[in-house]
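Peer 1: Provided below: query34.txt, containing compact mmCIF, C-alpha atoms.
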```txt
# COMPACT_ATOMS: atom_id res chain seq x y z
CA MET A 1 111.28 85.33 82.82
CA LEU A 2 113.78 88.18 83.32
CA ALA A 3 111.02 90.40 84.69
CA ARG A 4 110.08 87.73 87.24
CA ILE A 5 113.71 87.32 88.30
CA ASP A 6 114.03 91.09 88.67
CA TRP A 7 110.86 91.25 90.78
CA GLY A 8 112.00 88.32 92.95
CA TRP A 9 115.36 89.97 93.58
CA ARG A 10 113.71 93.24 94.55
CA TRP A 11 111.31 91.38 96.85
CA LEU A 12 114.26 89.81 98.65
CA GLY A 13 116.06 93.17 98.73
CA THR A 14 112.96 94.82 100.21
CA ALA A 15 112.63 92.12 102.88
CA PHE A 16 116.30 92.50 103.76
CA SER A 17 115.97 96.30 103.89
CA PHE A 18 113.03 96.19 106.30
CA LEU A 19 114.78 93.63 108.48
CA LEU A 20 117.91 95.77 108.52
CA PHE A 21 115.89 98.87 109.45
CA GLY A 22 114.47 97.12 112.51
CA ILE A 23 117.79 95.64 113.59
CA GLY A 24 119.55 98.95 112.99
CA GLY A 25 117.04 100.85 115.13
CA VAL A 26 117.48 98.39 118.00
CA PHE A 27 121.29 98.53 117.64
CA LEU A 28 121.27 102.33 117.75
CA SER A 29 118.98 102.32 120.80
CA LEU A 30 120.82 99.68 122.82
CA VAL A 31 124.45 100.21 121.78
CA VAL A 32 125.27 103.40 119.85
CA PHE A 33 123.25 105.99 121.77
CA PRO A 34 124.27 104.70 125.23
CA LEU A 35 127.90 105.01 124.11
CA LEU A 36 127.28 108.53 122.82
CA ARG A 37 125.87 109.53 126.22
CA LEU A 38 129.25 108.70 127.76
CA ILE A 39 130.86 111.54 125.78
CA PRO A 40 130.89 114.75 127.84
CA GLY A 41 128.69 117.60 126.69
CA SER A 42 125.40 119.38 127.17
CA SER A 43 122.05 117.82 126.26
CA GLU A 44 122.00 119.99 123.14
CA LYS A 45 125.37 118.63 122.03
CA ARG A 46 124.22 115.07 122.71
CA GLN A 47 121.12 115.61 120.60
CA ARG A 48 123.21 117.08 117.79
CA ARG A 49 125.50 114.03 117.84
CA ALA A 50 122.47 111.75 117.75
CA LYS A 51 121.00 113.67 114.79
CA LYS A 52 124.25 113.22 112.87
CA VAL A 53 124.19 109.49 113.58
CA VAL A 54 120.59 109.19 112.33
CA HIS A 55 121.42 111.31 109.27
CA ARG A 56 124.41 109.16 108.31
CA THR A 57 122.52 105.94 109.04
CA PHE A 58 119.62 106.98 106.80
CA LEU A 59 122.01 108.13 104.07
CA PHE A 60 123.68 104.72 104.14
CA TYR A 61 120.25 103.07 104.13
CA ILE A 62 118.90 104.78 100.99
CA ARG A 63 122.19 104.17 99.18
CA LEU A 64 122.03 100.52 100.17
CA MET A 65 118.48 100.18 98.83
CA ARG A 66 119.61 101.77 95.57
CA PHE A 67 122.61 99.42 95.40
CA LEU A 68 120.32 96.42 95.95
CA GLY A 69 118.04 97.61 93.16
CA VAL A 70 115.05 98.07 95.46
CA LEU A 71 114.62 101.67 94.33
CA SER A 72 116.32 104.54 92.55
CA TYR A 73 116.25 108.23 93.27
CA ARG A 74 117.42 111.58 92.09
CA THR A 75 117.41 115.05 93.60
CA GLU A 76 116.82 118.50 92.17
CA ASN A 77 118.06 121.83 93.57
CA LEU A 78 119.34 120.15 96.73
CA GLU A 79 121.61 123.11 97.50
CA ALA A 80 118.49 125.13 98.38
CA LEU A 81 118.18 123.09 101.57
CA LYS A 82 121.35 124.68 102.92
CA GLY A 83 120.29 127.16 105.57
CA ALA A 84 116.63 126.17 105.35
CA ARG A 85 114.74 126.47 108.65
CA LEU A 86 111.31 125.01 107.86
CA VAL A 87 110.91 122.31 105.21
CA LEU A 88 107.38 121.32 104.19
CA ALA A 89 106.95 118.27 101.98
CA ASN A 90 104.19 116.15 100.56
CA HIS A 91 104.03 112.59 101.87
CA PRO A 92 103.43 109.88 99.23
CA SER A 93 105.43 107.10 100.91
CA LEU A 94 106.62 105.75 104.24
CA LEU A 95 110.20 106.38 103.06
CA ASP A 96 109.80 110.16 102.70
CA VAL A 97 111.15 111.02 106.14
CA VAL A 98 114.08 108.64 105.61
CA PHE A 99 115.03 110.47 102.41
CA LEU A 100 114.71 113.94 103.92
CA ILE A 101 116.73 113.17 107.05
CA ALA A 102 119.34 111.46 104.86
CA LEU A 103 119.62 114.62 102.73
CA ILE A 104 119.59 117.18 105.60
CA PRO A 105 122.48 116.78 108.10
CA ASN A 106 120.88 118.95 110.83
CA ALA A 107 117.32 117.71 110.39
CA ASN A 108 114.72 117.80 113.13
CA CYS A 109 111.15 116.68 112.56
CA VAL A 110 107.69 116.49 114.05
CA VAL A 111 106.79 112.83 114.66
CA LYS A 112 103.76 110.91 115.87
CA GLY A 113 103.83 110.02 119.55
CA ARG A 114 102.83 106.40 118.86
CA LEU A 115 106.28 105.81 117.35
CA LEU A 116 107.64 105.75 120.89
CA ARG A 117 105.98 102.35 121.36
CA HIS A 118 108.50 100.66 119.05
CA ILE A 119 112.03 99.96 120.26
CA TRP A 120 113.52 100.54 116.79
CA THR A 121 112.11 104.08 116.60
CA ARG A 122 111.92 105.12 120.27
CA GLY A 123 115.71 105.40 120.74
CA PRO A 124 116.42 107.63 117.72
CA ILE A 125 113.42 109.87 118.46
CA MET A 126 114.31 110.43 122.10
CA GLN A 127 118.08 110.76 121.67
CA ALA A 128 117.89 113.08 118.66
CA GLY A 129 115.26 115.26 120.35
CA TYR A 130 112.67 115.03 117.60
CA ILE A 131 109.43 116.86 118.38
CA LEU A 132 106.36 114.82 119.38
CA ASN A 133 103.03 116.07 118.07
CA HIS A 134 101.11 115.62 121.32
CA ASP A 135 100.14 119.29 121.83
CA GLN A 136 100.08 122.10 119.26
CA GLU A 137 101.32 124.81 121.60
CA ASP A 138 104.20 122.62 122.73
CA VAL A 139 105.05 121.75 119.13
CA ILE A 140 105.23 125.43 118.18
CA GLU A 141 107.38 126.25 121.21
CA GLN A 142 109.77 123.38 120.56
CA ALA A 143 109.88 124.14 116.85
CA ASN A 144 110.85 127.74 117.54
CA ARG A 145 113.66 126.62 119.86
CA ALA A 146 114.88 123.98 117.41
CA MET A 147 115.08 126.40 114.47
CA ALA A 148 116.71 129.06 116.67
CA ARG A 149 119.58 126.69 117.48
CA GLY A 150 120.13 125.87 113.80
CA ASP A 151 117.99 122.79 113.17
CA THR A 152 116.13 122.38 109.90
CA LEU A 153 112.60 121.37 110.86
CA ILE A 154 110.80 118.88 108.60
CA VAL A 155 106.99 118.88 108.65
CA PHE A 156 104.52 116.96 106.50
CA PRO A 157 101.57 119.39 106.40
CA GLU A 158 99.10 116.65 105.44
CA GLY A 159 99.73 115.04 108.83
CA THR A 160 99.66 111.57 107.26
CA ARG A 161 100.56 109.86 103.99
CA THR A 162 98.81 110.99 100.83
CA GLN A 163 95.89 108.94 99.55
CA PRO A 164 96.90 107.92 96.00
CA GLY A 165 94.73 109.50 93.34
CA GLU A 166 93.25 112.08 95.70
CA PRO A 167 94.13 115.78 96.10
CA LEU A 168 96.33 116.75 99.01
CA ALA A 169 94.45 117.97 102.08
CA LEU A 170 96.74 120.07 104.25
CA ARG A 171 96.15 120.63 107.94
CA ARG A 172 96.73 123.96 109.63
CA GLY A 173 99.52 122.86 112.00
CA ALA A 174 102.42 123.49 109.60
CA SER A 175 101.10 126.95 108.78
CA GLN A 176 100.76 127.70 112.50
CA VAL A 177 104.45 126.89 112.94
CA ALA A 178 105.46 129.09 109.99
CA VAL A 179 103.29 132.02 111.06
CA ARG A 180 103.93 132.00 114.79
CA CYS A 181 107.65 131.34 114.41
CA ASN A 182 107.80 133.89 111.55
CA THR A 183 109.71 131.42 109.39
CA ASP A 184 109.91 131.24 105.62
CA ILE A 185 109.07 127.90 104.04
CA THR A 186 111.27 125.69 101.87
CA PRO A 187 108.85 123.43 99.96
CA VAL A 188 109.92 119.97 98.80
CA ILE A 189 107.99 117.93 96.26
CA ILE A 190 108.46 114.17 96.52
CA HIS A 191 107.40 112.09 93.55
CA CYS A 192 107.24 108.30 93.77
CA ALA A 193 106.43 106.06 90.79
CA PRO A 194 105.00 103.53 90.99
CA THR A 195 103.41 104.30 94.35
CA THR A 196 104.67 102.22 97.24
CA LEU A 197 104.35 102.03 101.02
CA THR A 198 101.22 104.15 101.13
CA LYS A 199 98.86 103.62 104.06
CA GLN A 200 97.16 100.86 102.10
CA ASP A 201 100.36 99.00 101.13
CA ARG A 202 102.26 96.34 103.03
CA TRP A 203 106.02 96.02 102.71
CA TYR A 204 105.74 92.71 100.86
CA GLN A 205 103.55 94.22 98.10
CA VAL A 206 106.53 94.99 95.90
CA PRO A 207 105.64 96.69 92.58
CA ARG A 208 106.48 94.94 89.32
CA SER A 209 108.74 97.81 88.29
CA ARG A 210 111.45 99.45 90.32
CA VAL A 211 110.28 102.35 92.48
CA ARG A 212 111.69 105.70 91.44
CA PHE A 213 111.85 108.68 93.78
CA GLN A 214 112.41 112.27 92.77
CA ILE A 215 113.02 114.86 95.50
CA SER A 216 112.71 118.42 94.19
CA VAL A 217 113.48 121.43 96.37
CA LYS A 218 111.44 124.45 95.31
CA PRO A 219 112.01 128.21 95.76
CA LEU A 220 111.42 129.72 99.18
CA ILE A 221 107.88 130.77 100.12
CA PRO A 222 108.10 133.94 102.26
CA VAL A 223 105.71 134.08 105.18
CA ALA A 224 105.72 137.89 105.53
CA PRO A 225 102.84 138.56 103.08
CA PHE A 226 100.58 136.29 105.12
CA VAL A 227 101.34 137.73 108.57
CA GLU A 228 101.27 141.43 107.74
CA ASN A 229 98.33 143.35 109.22
CA THR A 230 96.41 140.32 110.45
CA VAL A 231 96.16 138.03 113.46
CA ALA A 232 98.01 134.72 113.57
CA SER A 233 94.92 132.52 113.26
CA ARG A 234 93.74 134.27 110.10
CA ALA A 235 97.26 134.27 108.66
CA ALA A 236 97.52 130.51 109.27
CA ARG A 237 94.20 129.87 107.49
CA SER A 238 95.27 131.98 104.53
CA LEU A 239 98.68 130.32 104.34
CA THR A 240 97.11 126.85 104.54
CA ARG A 241 94.85 127.64 101.59
CA HIS A 242 97.83 128.92 99.61
CA LEU A 243 99.98 125.89 100.46
CA THR A 244 97.17 123.47 99.60
CA GLU A 245 96.82 125.02 96.14
CA TYR A 246 100.61 125.22 95.72
CA PHE A 247 101.36 121.61 96.66
CA ASN A 248 98.49 120.20 94.62
CA GLN A 249 99.64 122.13 91.58
CA GLU A 250 103.30 121.13 91.98
CA VAL A 251 102.50 117.46 92.61
CA SER A 252 100.27 117.43 89.54
CA LEU A 253 103.00 118.94 87.39
CA HIS A 254 105.52 116.36 88.59
CA GLU A 255 103.13 113.50 87.92
CA GLN A 256 102.62 114.72 84.37
CA SER A 257 106.33 115.20 83.64
CA ALA A 258 107.93 112.28 85.50
CA PRO A 259 108.46 109.02 83.61
CA GLY A 260 106.79 105.80 84.64
CA THR A 261 103.38 104.72 85.81
CA GLN A 262 101.77 106.62 88.67
CA LYS A 263 99.92 103.73 90.30
CA ASN A 264 101.26 100.74 92.10
CA ASP A 265 100.88 97.68 89.88
CA TYR A 266 101.63 94.25 91.24
CA ARG A 267 100.78 92.47 87.99
CA ARG A 268 102.54 94.31 85.21
CA ALA A 269 106.19 93.53 84.62
CA GLY A 270 108.81 96.10 83.82
CA SER A 271 112.29 97.28 84.64
CA GLY A 272 113.60 100.41 86.27
CA GLY A 273 116.68 102.26 85.15
CA TYR A 274 116.24 105.53 86.99
CA ASN A 275 119.41 106.20 88.94
CA ALA A 276 120.74 109.16 90.82
```
Would you put the structure from the file into structure tokens?

Peer 2:
Amino acid sequence: MLARIDWGWRWLGTAFSFLLFGIGGVFLSLVVFPLLRLIPGSSEKRQRRAKKVVHRTFLFYIRLMRFLGVLSYRTENLEALKGARLVLANHPSLLDVVFLIALIPNANCVVKGRLLRHIWTRGPIMQAGYILNHDQEDVIEQANRAMARGDTLIVFPEGTRTQPGEPLALRRGASQVAVRCNTDITPVIIHCAPTTLTKQDRWYQVPRSRVRFQISVKPLIPVAPFVENTVASRAARSLTRHLTEYFNQEVSLHEQSAPGTQKNDYRRAGSGGYNA
């Protein structure tokens, strides 16, 4: 009985959280960002203000979900993100980008162009100056400019959410950015148990136990050994192979060491007590 009550409460909390996300995105687009544009300053300053608003909004959002009991989370070695230029992370859940932007005050990110179709995401993307992944050359150029002005660029090298139970398959785009911008990589391993909000999941498929996130920042991966004495295309291929092996190994280690089931289970009851 208690397990069913707990699940019902988290289902309501999840529904409220998704509703709030949509309303919040519309409110930012129609009210907050138009007001910010009235403040004098260059386009770069306006984008920086918008990034801070999105950062603080997402930080409030993940704390609210934790308060409601929808999820819990903890971080490891978060101080290593200070000064990071290029953050690469695995992508087990729809909430990954929310967590990373909430944890990085000056975050920029590469986003899918189709997100501009939705009013609750179009405003934040355009006003904060996030990079659209329409064209690889344009992405690299914009990424270089963003990191040069002090942004921390977030990229999911898989290009889409991870398929549960399958090895990570990294695309070459993230390595192209690292190699051609000559930027060291700060890897982040995101562990989510039980799995939730994968490409196969709907928001209303709430697991029977509370979702627990662990965000672990790993030591810097220097790009110099990959770019020395070789052309950029070959360096990117070599770096992609290395990153694929690295992320698969790290994700596997986290899955073995983290508590809780690794698969989403809508039948089994349980309770979560994993708090940051």

Peer 1: Could you give me, as a ChimeraX atom specification, the residues within 10 Å of Ala128 (chain A), counting all atoms listed in the file and dropping anything in the same chain fewer than 5 positions from it?

Peer 2: /A:33,43-54,107-109,123

Peer 1: Can you write just those residues out, C-alpha atoms, as a short mmCIF file (atom, residue, chain, number, x, y, z; two decimals), keeping the file's coordinate frame?

Peer 2:
```
data_model
loop_
_atom_site.label_atom_id
_atom_site.label_comp_id
_atom_site.auth_asym_id
_atom_site.auth_seq_id
_atom_site.Cartn_x
_atom_site.Cartn_y
_atom_site.Cartn_z
CA PHE A 33 123.25 105.99 121.77
CA SER A 43 122.05 117.82 126.26
CA GLU A 44 122.00 119.99 123.14
CA LYS A 45 125.37 118.63 122.03
CA ARG A 46 124.22 115.07 122.71
CA GLN A 47 121.12 115.61 120.60
CA ARG A 48 123.21 117.08 117.79
CA ARG A 49 125.50 114.03 117.84
CA ALA A 50 122.47 111.75 117.75
CA LYS A 51 121.00 113.67 114.79
CA LYS A 52 124.25 113.22 112.87
CA VAL A 53 124.19 109.49 113.58
CA VAL A 54 120.59 109.19 112.33
CA ALA A 107 117.32 117.71 110.39
CA ASN A 108 114.72 117.80 113.13
CA CYS A 109 111.15 116.68 112.56
CA GLY A 123 115.71 105.40 120.74
#
```

Peer 1: Can you work out which one of A:Val98, A:Ala15, A:Leu35, A:Val26 has the shortest atom-to-atom distance to Arg56 (chain A), counting all atoms listed in the file?

Peer 2: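 Going through A:Val98, A:Ala15, A:Leu35, A:Val26 one by one, the smallest distance to Arg56 (chain A) is for A:Val98.
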
Peer 1: Name the residues in contact with Asn144 (chain A) at a cut-off of 10 Å, using all atoms listed in the file, excluding same-chain residues fewer than 5 positions from it; report them as a list of chain:residue names.

Peer 2: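 My reading of the contact set: A:Arg85, A:Asp138, A:Val139, A:Arg149, A:Asp151, A:Leu153, A:Val177, A:Ala178, A:Arg180, A:Cys181, A:Asn182, A:Thr183.
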
Peer 1: Output the selection as an mmCIF file, in the coordinates of the input - C-alpha atoms for each residue.

Peer 2:
```cif
data_model
loop_
_atom_site.group_PDB
_atom_site.id
_atom_site.type_symbol
_atom_site.label_atom_id
_atom_site.label_comp_id
_atom_site.auth_asym_id
_atom_site.auth_seq_id
_atom_site.Cartn_x
_atom_site.Cartn_y
_atom_site.Cartn_z
ATOM 1 C CA ARG A 85 114.740 126.470 108.650
ATOM 2 C CA ASP A 138 104.200 122.620 122.730
ATOM 3 C CA VAL A 139 105.050 121.750 119.130
ATOM 4 C CA ARG A 149 119.580 126.690 117.480
ATOM 5 C CA ASP A 151 117.990 122.790 113.170
ATOM 6 C CA LEU A 153 112.600 121.370 110.860
ATOM 7 C CA VAL A 177 104.450 126.890 112.940
ATOM 8 C CA ALA A 178 105.460 129.090 109.990
ATOM 9 C CA ARG A 180 103.930 132.000 114.790
ATOM 10 C CA CYS A 181 107.650 131.340 114.410
ATOM 11 C CA ASN A 182 107.800 133.890 111.550
ATOM 12 C CA THR A 183 109.710 131.420 109.390
#
```

Peer 1: Grab the CA of Gln256 (chain A) to CA of Thr186 (chain A) distance for me, in Å with one decimal place.

Peer 2: 22.4 Å

Peer 1: Got a sec: who's within 10 Å of region 57-63 of chain A, counting all atoms listed in the file, leaving out chain neighbours fewer than 5 positions off, as a list in words?

Peer 2: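 Residues meeting the cut-off are Ser17, Leu20, Phe21, Gly24, Gly25, Leu28, Lys51, Lys52, Leu68, Gly69, Val70, Leu71, Ser72, Tyr73, Leu95, Val97, Val98, Phe99, Leu100, Ile101, Ala102, Leu103, Ile104, Pro105 and Ala276 of chain A.
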
Peer 1: Check the smallest atom-to-atom distance from each of A:Thr198, A:Ser175, A:Asn106, A:Thr162 to Ile221 (chain A) using all atoms listed in the file, then report the winner.

Peer 2: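 Smallest separation from Ile221 (chain A) among the options: A:Ser175.
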
Peer 1: Using all atoms listed in the file, which residue out of A:Met147, A:Leu19, A:Leu38, A:Ala193 lies closest to Ser93 (chain A)?

Peer 2: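 For Ser93 (chain A), the nearest of the given residues is A:Ala193.
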
Peer 1: Hey, which of A:Thr152, A:Glu158, A:Gly165, A:Gln249 ends up closest to Leu81 (chain A)? Count only C-alpha atoms.

Peer 2: A:Thr152

Peer 1: What is the distance between CA of Pro219 (chain A) and CA of Asn77 (chain A), in Å to one decimal?

Peer 2: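 Separation between CA of Pro219 (chain A) and CA of Asn77 (chain A): 9.1 Å.
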
Peer 1: Rank A:Ala236, A:Ile39, A:Met65, A:Ile190 by their smallest atom-to-atom distance to Leu253 (chain A), using all atoms listed in the file, and report the top residue only.

Peer 2: A:Ile190

Peer 1: Could you name the residues that touch His254 (chain A) at 12 Å or less, counting only C-alpha atoms, but leaving out those on the same chain fewer than 5 positions away, as a list of chain:residue names?

Peer 2: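 Non-adjacent residues within range: A:Val188, A:Ile189, A:Ile190, A:His191, A:Cys192, A:Ala193, A:Phe213, A:Gln214, A:Ile215, A:Ser216, A:Phe247, A:Asn248, A:Gln249, A:Pro259, A:Gly260, A:Gln262.
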
Peer 1: Please measure the separation of CA of Val111 (chain A) and CA of His134 (chain A), giving the value in Å to one decimal.

Peer 2: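 Those two atoms sit 9.2 Å apart.
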
Peer 1: Excluding Arg241 (chain A) and residues on its chain fewer than 5 positions from it, collect all residues at most 12 Å away from it, counting all atoms listed in the file, and give them as a list of chain:residue names.

Peer 2: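 Residues meeting the cut-off are A:Pro157, A:Leu168, A:Ala169, A:Leu170, A:Arg171, A:Arg172, A:Ala174, A:Ser175, A:Phe226, A:Arg234, A:Ala235, A:Ala236, A:Tyr246, A:Phe247, A:Asn248.
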
Peer 1: Name the closest residue to Ile154 (chain A) among the candidates A:Leu243, A:Val179, A:Val110, A:Leu2; distances are taken between atoms, counting only C-alpha atoms.

Peer 2: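 Answer, going by the shortest atom-to-atom distance: A:Val110.
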
Peer 1: Could you complete region 10-32 of chain A so that it carries N, CA, C and O atoms, and give it back as a PDB file, in the frame of the given file?

Peer 2:
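Saved the output as selection-v7.pdb:
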```
ATOM      1  N   ARG A  10     114.119  92.034  93.821  1.00  0.00           N
ATOM      2  CA  ARG A  10     113.710  93.240  94.550  1.00  0.00           C
ATOM      3  C   ARG A  10     112.867  92.896  95.770  1.00  0.00           C
ATOM      4  O   ARG A  10     112.919  93.593  96.782  1.00  0.00           O
ATOM      5  N   TRP A  11     112.083  91.819  95.685  1.00  0.00           N
ATOM      6  CA  TRP A  11     111.310  91.380  96.850  1.00  0.00           C
ATOM      7  C   TRP A  11     112.259  90.976  97.974  1.00  0.00           C
ATOM      8  O   TRP A  11     112.074  91.370  99.141  1.00  0.00           O
ATOM      9  N   LEU A  12     113.283  90.214  97.641  1.00  0.00           N
ATOM     10  CA  LEU A  12     114.260  89.810  98.650  1.00  0.00           C
ATOM     11  C   LEU A  12     115.013  91.031  99.195  1.00  0.00           C
ATOM     12  O   LEU A  12     115.265  91.125 100.403  1.00  0.00           O
ATOM     13  N   GLY A  13     115.370  91.958  98.288  1.00  0.00           N
ATOM     14  CA  GLY A  13     116.060  93.170  98.730  1.00  0.00           C
ATOM     15  C   GLY A  13     115.197  94.020  99.641  1.00  0.00           C
ATOM     16  O   GLY A  13     115.682  94.606 100.620  1.00  0.00           O
ATOM     17  N   THR A  14     113.898  94.075  99.355  1.00  0.00           N
ATOM     18  CA  THR A  14     112.960  94.820 100.210  1.00  0.00           C
ATOM     19  C   THR A  14     112.843  94.170 101.574  1.00  0.00           C
ATOM     20  O   THR A  14     112.865  94.858 102.609  1.00  0.00           O
ATOM     21  N   ALA A  15     112.715  92.841 101.604  1.00  0.00           N
ATOM     22  CA  ALA A  15     112.630  92.120 102.880  1.00  0.00           C
ATOM     23  C   ALA A  15     113.885  92.349 103.710  1.00  0.00           C
ATOM     24  O   ALA A  15     113.810  92.610 104.923  1.00  0.00           O
ATOM     25  N   PHE A  16     115.040  92.267 103.056  1.00  0.00           N
ATOM     26  CA  PHE A  16     116.300  92.500 103.760  1.00  0.00           C
ATOM     27  C   PHE A  16     116.373  93.927 104.291  1.00  0.00           C
ATOM     28  O   PHE A  16     116.821  94.167 105.425  1.00  0.00           O
ATOM     29  N   SER A  17     115.923  94.894 103.482  1.00  0.00           N
ATOM     30  CA  SER A  17     115.970  96.300 103.890  1.00  0.00           C
ATOM     31  C   SER A  17     115.112  96.558 105.114  1.00  0.00           C
ATOM     32  O   SER A  17     115.523  97.274 106.041  1.00  0.00           O
ATOM     33  N   PHE A  18     113.904  96.000 105.150  1.00  0.00           N
ATOM     34  CA  PHE A  18     113.030  96.190 106.300  1.00  0.00           C
ATOM     35  C   PHE A  18     113.601  95.504 107.542  1.00  0.00           C
ATOM     36  O   PHE A  18     113.526  96.042 108.653  1.00  0.00           O
ATOM     37  N   LEU A  19     114.158  94.316 107.354  1.00  0.00           N
ATOM     38  CA  LEU A  19     114.780  93.630 108.480  1.00  0.00           C
ATOM     39  C   LEU A  19     115.953  94.441 109.023  1.00  0.00           C
ATOM     40  O   LEU A  19     116.108  94.603 110.242  1.00  0.00           O
ATOM     41  N   LEU A  20     116.760  94.976 108.115  1.00  0.00           N
ATOM     42  CA  LEU A  20     117.910  95.770 108.520  1.00  0.00           C
ATOM     43  C   LEU A  20     117.486  97.042 109.243  1.00  0.00           C
ATOM     44  O   LEU A  20     118.135  97.469 110.211  1.00  0.00           O
ATOM     45  N   PHE A  21     116.382  97.659 108.788  1.00  0.00           N
ATOM     46  CA  PHE A  21     115.890  98.870 109.450  1.00  0.00           C
ATOM     47  C   PHE A  21     115.547  98.586 110.906  1.00  0.00           C
ATOM     48  O   PHE A  21     115.912  99.349 111.807  1.00  0.00           O
ATOM     49  N   GLY A  22     114.829  97.477 111.147  1.00  0.00           N
ATOM     50  CA  GLY A  22     114.470  97.120 112.510  1.00  0.00           C
ATOM     51  C   GLY A  22     115.676  96.805 113.374  1.00  0.00           C
ATOM     52  O   GLY A  22     115.801  97.289 114.502  1.00  0.00           O
ATOM     53  N   ILE A  23     116.588  96.001 112.843  1.00  0.00           N
ATOM     54  CA  ILE A  23     117.790  95.640 113.590  1.00  0.00           C
ATOM     55  C   ILE A  23     118.643  96.874 113.851  1.00  0.00           C
ATOM     56  O   ILE A  23     119.179  97.062 114.949  1.00  0.00           O
ATOM     57  N   GLY A  24     118.757  97.732 112.828  1.00  0.00           N
ATOM     58  CA  GLY A  24     119.550  98.950 112.990  1.00  0.00           C
ATOM     59  C   GLY A  24     118.990  99.867 114.058  1.00  0.00           C
ATOM     60  O   GLY A  24     119.740 100.444 114.854  1.00  0.00           O
ATOM     61  N   GLY A  25     117.649  99.998 114.102  1.00  0.00           N
ATOM     62  CA  GLY A  25     117.040 100.850 115.130  1.00  0.00           C
ATOM     63  C   GLY A  25     117.301 100.324 116.528  1.00  0.00           C
ATOM     64  O   GLY A  25     117.593 101.097 117.451  1.00  0.00           O
ATOM     65  N   VAL A  26     117.210  98.999 116.697  1.00  0.00           N
ATOM     66  CA  VAL A  26     117.480  98.390 118.000  1.00  0.00           C
ATOM     67  C   VAL A  26     118.955  98.563 118.369  1.00  0.00           C
ATOM     68  O   VAL A  26     119.289  98.886 119.520  1.00  0.00           O
ATOM     69  N   PHE A  27     119.850  98.376 117.390  1.00  0.00           N
ATOM     70  CA  PHE A  27     121.290  98.530 117.640  1.00  0.00           C
ATOM     71  C   PHE A  27     121.631  99.957 118.056  1.00  0.00           C
ATOM     72  O   PHE A  27     122.405 100.178 119.007  1.00  0.00           O
ATOM     73  N   LEU A  28     121.039 100.937 117.367  1.00  0.00           N
ATOM     74  CA  LEU A  28     121.270 102.330 117.750  1.00  0.00           C
ATOM     75  C   LEU A  28     120.782 102.592 119.168  1.00  0.00           C
ATOM     76  O   LEU A  28     121.467 103.260 119.966  1.00  0.00           O
ATOM     77  N   SER A  29     119.594 102.051 119.496  1.00  0.00           N
ATOM     78  CA  SER A  29     118.980 102.320 120.800  1.00  0.00           C
ATOM     79  C   SER A  29     119.758 101.675 121.940  1.00  0.00           C
ATOM     80  O   SER A  29     119.916 102.277 123.012  1.00  0.00           O
ATOM     81  N   LEU A  30     120.219 100.444 121.728  1.00  0.00           N
ATOM     82  CA  LEU A  30     120.820  99.680 122.820  1.00  0.00           C
ATOM     83  C   LEU A  30     122.344  99.794 122.894  1.00  0.00           C
ATOM     84  O   LEU A  30     122.925  99.525 123.949  1.00  0.00           O
ATOM     85  N   VAL A  31     122.983 100.189 121.796  1.00  0.00           N
ATOM     86  CA  VAL A  31     124.450 100.210 121.780  1.00  0.00           C
ATOM     87  C   VAL A  31     124.991 101.604 121.464  1.00  0.00           C
ATOM     88  O   VAL A  31     125.744 102.180 122.262  1.00  0.00           O
ATOM     89  N   VAL A  32     124.628 102.157 120.318  1.00  0.00           N
ATOM     90  CA  VAL A  32     125.270 103.400 119.850  1.00  0.00           C
ATOM     91  C   VAL A  32     124.917 104.586 120.729  1.00  0.00           C
ATOM     92  O   VAL A  32     125.805 105.309 121.201  1.00  0.00           O
TER      93      VAL A  32
END
```
